[in-house]
Amino acid sequence: MGFDLNRAIRGRVWKFGDSVDTDSINPFYLYHTMEELKKHTLESFRPEFPKEVKPGDIIVAGRNFGCGSHRPGLVLREVGVAAIVVESASRLFLRNTIALPMPIFIAPGISQLVDDGETLELDYQAGVARNTATGAAVAIPKFPPMIEQIYACGGLPRLARQRYLAETRTGG
C-alpha cells in the first residue's frame, strides 16, 4: 500500500519556477471538495495543468516549492502526479507531503536538467534523476531510514498505527 522506493519512476515533466505556493497547488480556500480541487490545481501557474495532467507525470520546480500554508500536496497525488522533484521545498510542505506519502525529492540542479514535456526517470536506489533524451543526470539524496519506512508503510498515520498495534500486542 506504500510507495516502493525500489521501483524507478518515469514520466512526462511539468516544469515550474520558484516559490510555487500551496494556495496554487491546493486552492482549498476556494474549492472544498477533492473533485473541485482537481479541476483547479496549479491553474494560476499553468492554466492548462488541470485538464492536461496525466497519471505518471512528474512535477519539476525550482526553489521554495510549497511555500505558504500548511496544506500538503495531496491533490497532486489525486490528479495522478507520480513524483515531485525540486531544487528546494518549504520545510512544512516537505514534511506533510512525505507523511501522505507523496514522493518528493530535493535534487539541486534539476531545473537545468529537463524542459517542460521531456521525460524524467527517477531511480531512488541508484540516487539519480535522469533526462531520458539527453542522458544528463543529477543526484537524488537518500532519505533517512525513518522516511523510507513512512513511504514503505503508506504514510505516517499507517506507520503510527502499525507501531501502536505492535506495542499493544507485546505490552511495550
# chains A, B, ... in the order shown; residues from 1 in each chain; ligands from 1
>>> select_by_dssp(residues="region 12-167 of chain A", states="strand (DSSP E)", output="list in words")
Arg12, Val13, Trp14, Lys15, Ile58, Ile59, Val60, Ala61, Ala83, Ile84, Val85, Val86, Ile104, Phe105, Ile106, Thr119, Leu120, Glu121, Leu122, Asp123, Val128, Ala129, Arg130, Asn131, Ala137, Val138 and Ala139 of chain A
>>> write_last_selection(atoms="C-alpha atoms", output="JSON list (two decimals), in the first residue's frame")
[["chain", "number", "residue", "atom", "x", "y", "z"],
["A", 12, "ARG", "CA", 6.48, 13.49, -18.50],
["A", 13, "VAL", "CA", 7.74, 16.68, -16.87],
["A", 14, "TRP", "CA", 5.62, 19.66, -15.87],
["A", 15, "LYS", "CA", 8.17, 22.38, -15.14],
["A", 58, "ILE", "CA", 6.29, 14.42, -12.74],
["A", 59, "ILE", "CA", 6.49, 17.96, -11.39],
["A", 60, "VAL", "CA", 9.89, 19.64, -11.57],
["A", 61, "ALA", "CA", 10.31, 23.02, -9.91],
["A", 83, "ALA", "CA", 6.54, 12.46, -8.06],
["A", 84, "ILE", "CA", 7.74, 15.97, -7.29],
["A", 85, "VAL", "CA", 11.40, 16.87, -7.86],
["A", 86, "VAL", "CA", 12.53, 20.33, -6.77],
["A", 104, "ILE", "CA", 9.11, 14.30, -3.23],
["A", 105, "PHE", "CA", 12.82, 14.62, -3.92],
["A", 106, "ILE", "CA", 15.19, 17.52, -3.37],
["A", 119, "THR", "CA", 10.75, 12.55, -19.84],
["A", 120, "LEU", "CA", 12.46, 12.23, -16.48],
["A", 121, "GLU", "CA", 13.49, 8.98, -14.86],
["A", 122, "LEU", "CA", 13.88, 8.87, -11.09],
["A", 123, "ASP", "CA", 15.90, 5.97, -9.75],
["A", 128, "VAL", "CA", 19.80, 9.59, -9.81],
["A", 129, "ALA", "CA", 17.30, 11.75, -11.71],
["A", 130, "ARG", "CA", 18.00, 11.40, -15.45],
["A", 131, "ASN", "CA", 16.71, 13.18, -18.54],
["A", 137, "ALA", "CA", 21.60, 13.43, -14.57],
["A", 138, "VAL", "CA", 21.63, 14.93, -11.09],
["A", 139, "ALA", "CA", 21.85, 13.22, -7.73]]
>>> select_by_dssp(residues="region 51-133 of chain A", states="alpha helix (DSSP H)", output="list in words")
Lys51, Glu52, Leu74, Val75, Leu76, Arg77, Glu78, Arg91, Leu92, Phe93, Leu94, Arg95, Asn96, Thr97, Ile98, Ala99, Ile110, Ser111, Gln112 and Leu113 of chain A
>>> atom_distance(atom1="CA of Asn64 (chain A)", atom2="CA of Gln112 (chain A)")
16.0 Å
>>> closest_residue(among="A:Pro145, A:Gly11, A:Pro157, A:Gly68", to="Pro55 (chain A)", atoms="only C-alpha atoms")
A:Gly11
>>> atom_distance(atom1="CA of Asp115 (chain A)", atom2="CA of Ser88 (chain A)")
17.7 Å
>>> residues_around(residues="Pro101 (chain A)", least_positions_apart="6", cutoff="10 Å", atoms="only C-alpha atoms", output="CSV table (one decimal) with N, CA and C atoms, in the first residue's frame")
chain,number,residue,atom,x,y,z
A,2,GLY,N,2.1,1.1,0.3
A,2,GLY,CA,3.0,2.2,0.4
A,2,GLY,C,3.6,2.6,-1.0
A,3,PHE,N,4.6,3.4,-1.0
A,3,PHE,CA,5.3,3.8,-2.2
A,3,PHE,C,6.6,3.0,-2.2
A,73,GLY,N,0.4,18.4,-0.5
A,73,GLY,CA,0.2,18.2,-1.9
A,73,GLY,C,-0.7,17.1,-2.3
A,74,LEU,N,-1.6,16.7,-1.4
A,74,LEU,CA,-2.5,15.5,-1.6
A,74,LEU,C,-3.2,15.6,-3.0
A,77,ARG,N,-1.3,14.1,-5.9
A,77,ARG,CA,-1.4,12.6,-6.0
A,77,ARG,C,-2.7,12.3,-6.6
A,95,ARG,N,7.5,18.0,4.8
A,95,ARG,CA,7.1,17.1,5.9
A,95,ARG,C,5.7,16.5,5.6
A,147,ILE,N,12.1,7.9,7.1
A,147,ILE,CA,11.3,8.4,6.0
A,147,ILE,C,11.1,7.3,5.0
A,150,ILE,N,8.2,5.4,6.4
A,150,ILE,CA,7.0,6.1,6.1
A,150,ILE,C,6.5,5.8,4.7
A,151,TYR,N,7.4,5.9,3.7
A,151,TYR,CA,7.0,5.6,2.3
A,151,TYR,C,6.5,4.1,2.2
A,152,ALA,N,7.3,3.2,2.8
A,152,ALA,CA,7.0,1.8,2.7
A,152,ALA,C,5.7,1.4,3.3
A,153,CYS,N,5.3,2.1,4.4
A,153,CYS,CA,4.1,1.7,5.1
A,153,CYS,C,2.8,2.4,4.5
A,154,GLY,N,3.0,3.3,3.6
A,154,GLY,CA,1.9,4.0,3.0
A,154,GLY,C,1.5,5.3,3.7
A,155,GLY,N,2.4,5.9,4.5
A,155,GLY,CA,2.2,7.2,5.1
A,155,GLY,C,2.4,7.1,6.6
A,156,LEU,N,2.6,8.3,7.2
A,156,LEU,CA,2.8,8.4,8.6
A,156,LEU,C,1.7,7.8,9.5
A,157,PRO,N,0.4,8.1,9.2
A,157,PRO,CA,-0.7,7.5,10.0
A,157,PRO,C,-0.6,6.0,10.0
>>> residues_around(residues="Ser24 (chain A)", least_positions_apart="4", cutoff="12 Å", atoms="only C-alpha atoms", output="mmCIF file with N, CA and C atoms, in the first residue's frame")
data_model
loop_
_atom_site.group_PDB
_atom_site.id
_atom_site.type_symbol
_atom_site.label_atom_id
_atom_site.label_comp_id
_atom_site.auth_asym_id
_atom_site.auth_seq_id
_atom_site.Cartn_x
_atom_site.Cartn_y
_atom_site.Cartn_z
ATOM 1 N N PHE A 16 7.961 24.008 -13.378
ATOM 2 C CA PHE A 16 7.543 25.235 -12.708
ATOM 3 C C PHE A 16 8.783 25.966 -12.209
ATOM 4 N N SER A 19 9.117 29.309 -5.900
ATOM 5 C CA SER A 19 8.061 29.779 -4.992
ATOM 6 C C SER A 19 6.640 29.453 -5.451
ATOM 7 N N VAL A 20 6.422 28.219 -5.840
ATOM 8 C CA VAL A 20 5.070 27.751 -6.151
ATOM 9 C C VAL A 20 4.384 27.529 -4.799
ATOM 10 N N PHE A 28 -7.777 25.113 -1.577
ATOM 11 C CA PHE A 28 -8.905 24.700 -0.737
ATOM 12 C C PHE A 28 -9.719 25.888 -0.239
ATOM 13 N N TYR A 29 -9.105 27.052 -0.173
ATOM 14 C CA TYR A 29 -9.844 28.230 0.281
ATOM 15 C C TYR A 29 -10.946 28.621 -0.705
ATOM 16 N N LEU A 30 -10.870 28.135 -1.942
ATOM 17 C CA LEU A 30 -11.900 28.418 -2.951
ATOM 18 C C LEU A 30 -12.776 27.207 -3.278
ATOM 19 N N TYR A 31 -12.171 26.022 -3.249
ATOM 20 C CA TYR A 31 -12.864 24.816 -3.694
ATOM 21 C C TYR A 31 -12.796 23.782 -2.579
ATOM 22 N N LEU A 37 -11.171 20.677 -6.362
ATOM 23 C CA LEU A 37 -9.744 20.989 -6.276
ATOM 24 C C LEU A 37 -8.986 20.488 -7.495
ATOM 25 N N LYS A 38 -9.285 19.268 -7.908
ATOM 26 C CA LYS A 38 -8.596 18.680 -9.047
ATOM 27 C C LYS A 38 -8.776 19.522 -10.315
ATOM 28 N N LYS A 39 -9.919 20.170 -10.447
ATOM 29 C CA LYS A 39 -10.196 20.992 -11.628
ATOM 30 C C LYS A 39 -9.443 22.320 -11.626
ATOM 31 N N HIS A 40 -8.828 22.672 -10.487
ATOM 32 C CA HIS A 40 -8.176 23.982 -10.364
ATOM 33 C C HIS A 40 -6.732 23.916 -9.861
ATOM 34 N N THR A 41 -6.206 22.713 -9.719
ATOM 35 C CA THR A 41 -4.851 22.534 -9.218
ATOM 36 C C THR A 41 -3.831 23.214 -10.128
ATOM 37 N N LEU A 42 -3.039 24.078 -9.545
ATOM 38 C CA LEU A 42 -1.937 24.773 -10.214
ATOM 39 C C LEU A 42 -2.354 25.629 -11.414
ATOM 40 N N GLU A 43 -3.641 25.902 -11.564
ATOM 41 C CA GLU A 43 -4.085 26.667 -12.731
ATOM 42 C C GLU A 43 -3.590 28.110 -12.723
ATOM 43 N N SER A 44 -3.273 28.664 -11.548
ATOM 44 C CA SER A 44 -2.769 30.040 -11.535
ATOM 45 C C SER A 44 -1.350 30.124 -12.104
ATOM 46 N N PHE A 45 -0.623 29.022 -12.076
ATOM 47 C CA PHE A 45 0.712 28.983 -12.679
ATOM 48 C C PHE A 45 0.673 28.447 -14.105
ATOM 49 N N ARG A 46 -0.155 27.430 -14.321
ATOM 50 C CA ARG A 46 -0.269 26.783 -15.628
ATOM 51 C C ARG A 46 -1.742 26.481 -15.865
ATOM 52 N N PRO A 47 -2.482 27.377 -16.556
ATOM 53 C CA PRO A 47 -3.926 27.186 -16.750
ATOM 54 C C PRO A 47 -4.300 25.843 -17.380
ATOM 55 N N PHE A 49 -2.806 22.960 -16.821
ATOM 56 C CA PHE A 49 -2.422 21.829 -15.969
ATOM 57 C C PHE A 49 -3.606 20.941 -15.566
ATOM 58 N N PRO A 50 -4.685 21.479 -14.994
ATOM 59 C CA PRO A 50 -5.768 20.587 -14.526
ATOM 60 C C PRO A 50 -6.392 19.733 -15.632
ATOM 61 N N PHE A 65 9.476 25.338 -3.241
ATOM 62 C CA PHE A 65 8.215 24.731 -3.668
ATOM 63 C C PHE A 65 7.354 24.468 -2.439
ATOM 64 N N GLY A 66 6.074 24.783 -2.526
ATOM 65 C CA GLY A 66 5.151 24.533 -1.431
ATOM 66 C C GLY A 66 5.185 25.569 -0.325
ATOM 67 N N CYS A 67 5.667 26.768 -0.647
ATOM 68 C CA CYS A 67 5.682 27.826 0.368
ATOM 69 C C CYS A 67 4.246 28.247 0.665
ATOM 70 N N GLY A 68 4.048 28.870 1.801
ATOM 71 C CA GLY A 68 2.710 29.352 2.141
ATOM 72 C C GLY A 68 2.160 28.656 3.362
ATOM 73 N N SER A 69 1.004 28.074 3.223
ATOM 74 C CA SER A 69 0.309 27.486 4.368
ATOM 75 C C SER A 69 0.747 26.043 4.612
ATOM 76 N N ARG A 71 -0.937 23.365 3.939
ATOM 77 C CA ARG A 71 -1.599 22.370 3.098
ATOM 78 C C ARG A 71 -0.580 21.503 2.349
ATOM 79 N N PRO A 72 -0.751 20.184 2.433
ATOM 80 C CA PRO A 72 0.139 19.289 1.694
ATOM 81 C C PRO A 72 -0.299 19.166 0.241
ATOM 82 N N GLY A 73 0.441 18.411 -0.528
ATOM 83 C CA GLY A 73 0.155 18.243 -1.946
ATOM 84 C C GLY A 73 -0.705 17.052 -2.272
ATOM 85 N N VAL A 75 -3.649 16.774 -3.373
ATOM 86 C CA VAL A 75 -4.353 16.903 -4.645
ATOM 87 C C VAL A 75 -3.440 16.524 -5.815
ATOM 88 N N LEU A 76 -2.133 16.722 -5.683
ATOM 89 C CA LEU A 76 -1.209 16.333 -6.753
ATOM 90 C C LEU A 76 -1.239 14.815 -6.953
#
>>> atom_distance(atom1="CA of Asp116 (chain A)", atom2="CA of Thr22 (chain A)")
20.8 Å
>>> closest_residue(among="A:Leu5, A:Pro141, A:Asp23, A:Met146", to="Ala160 (chain A)", atoms="only C-alpha atoms")
A:Met146
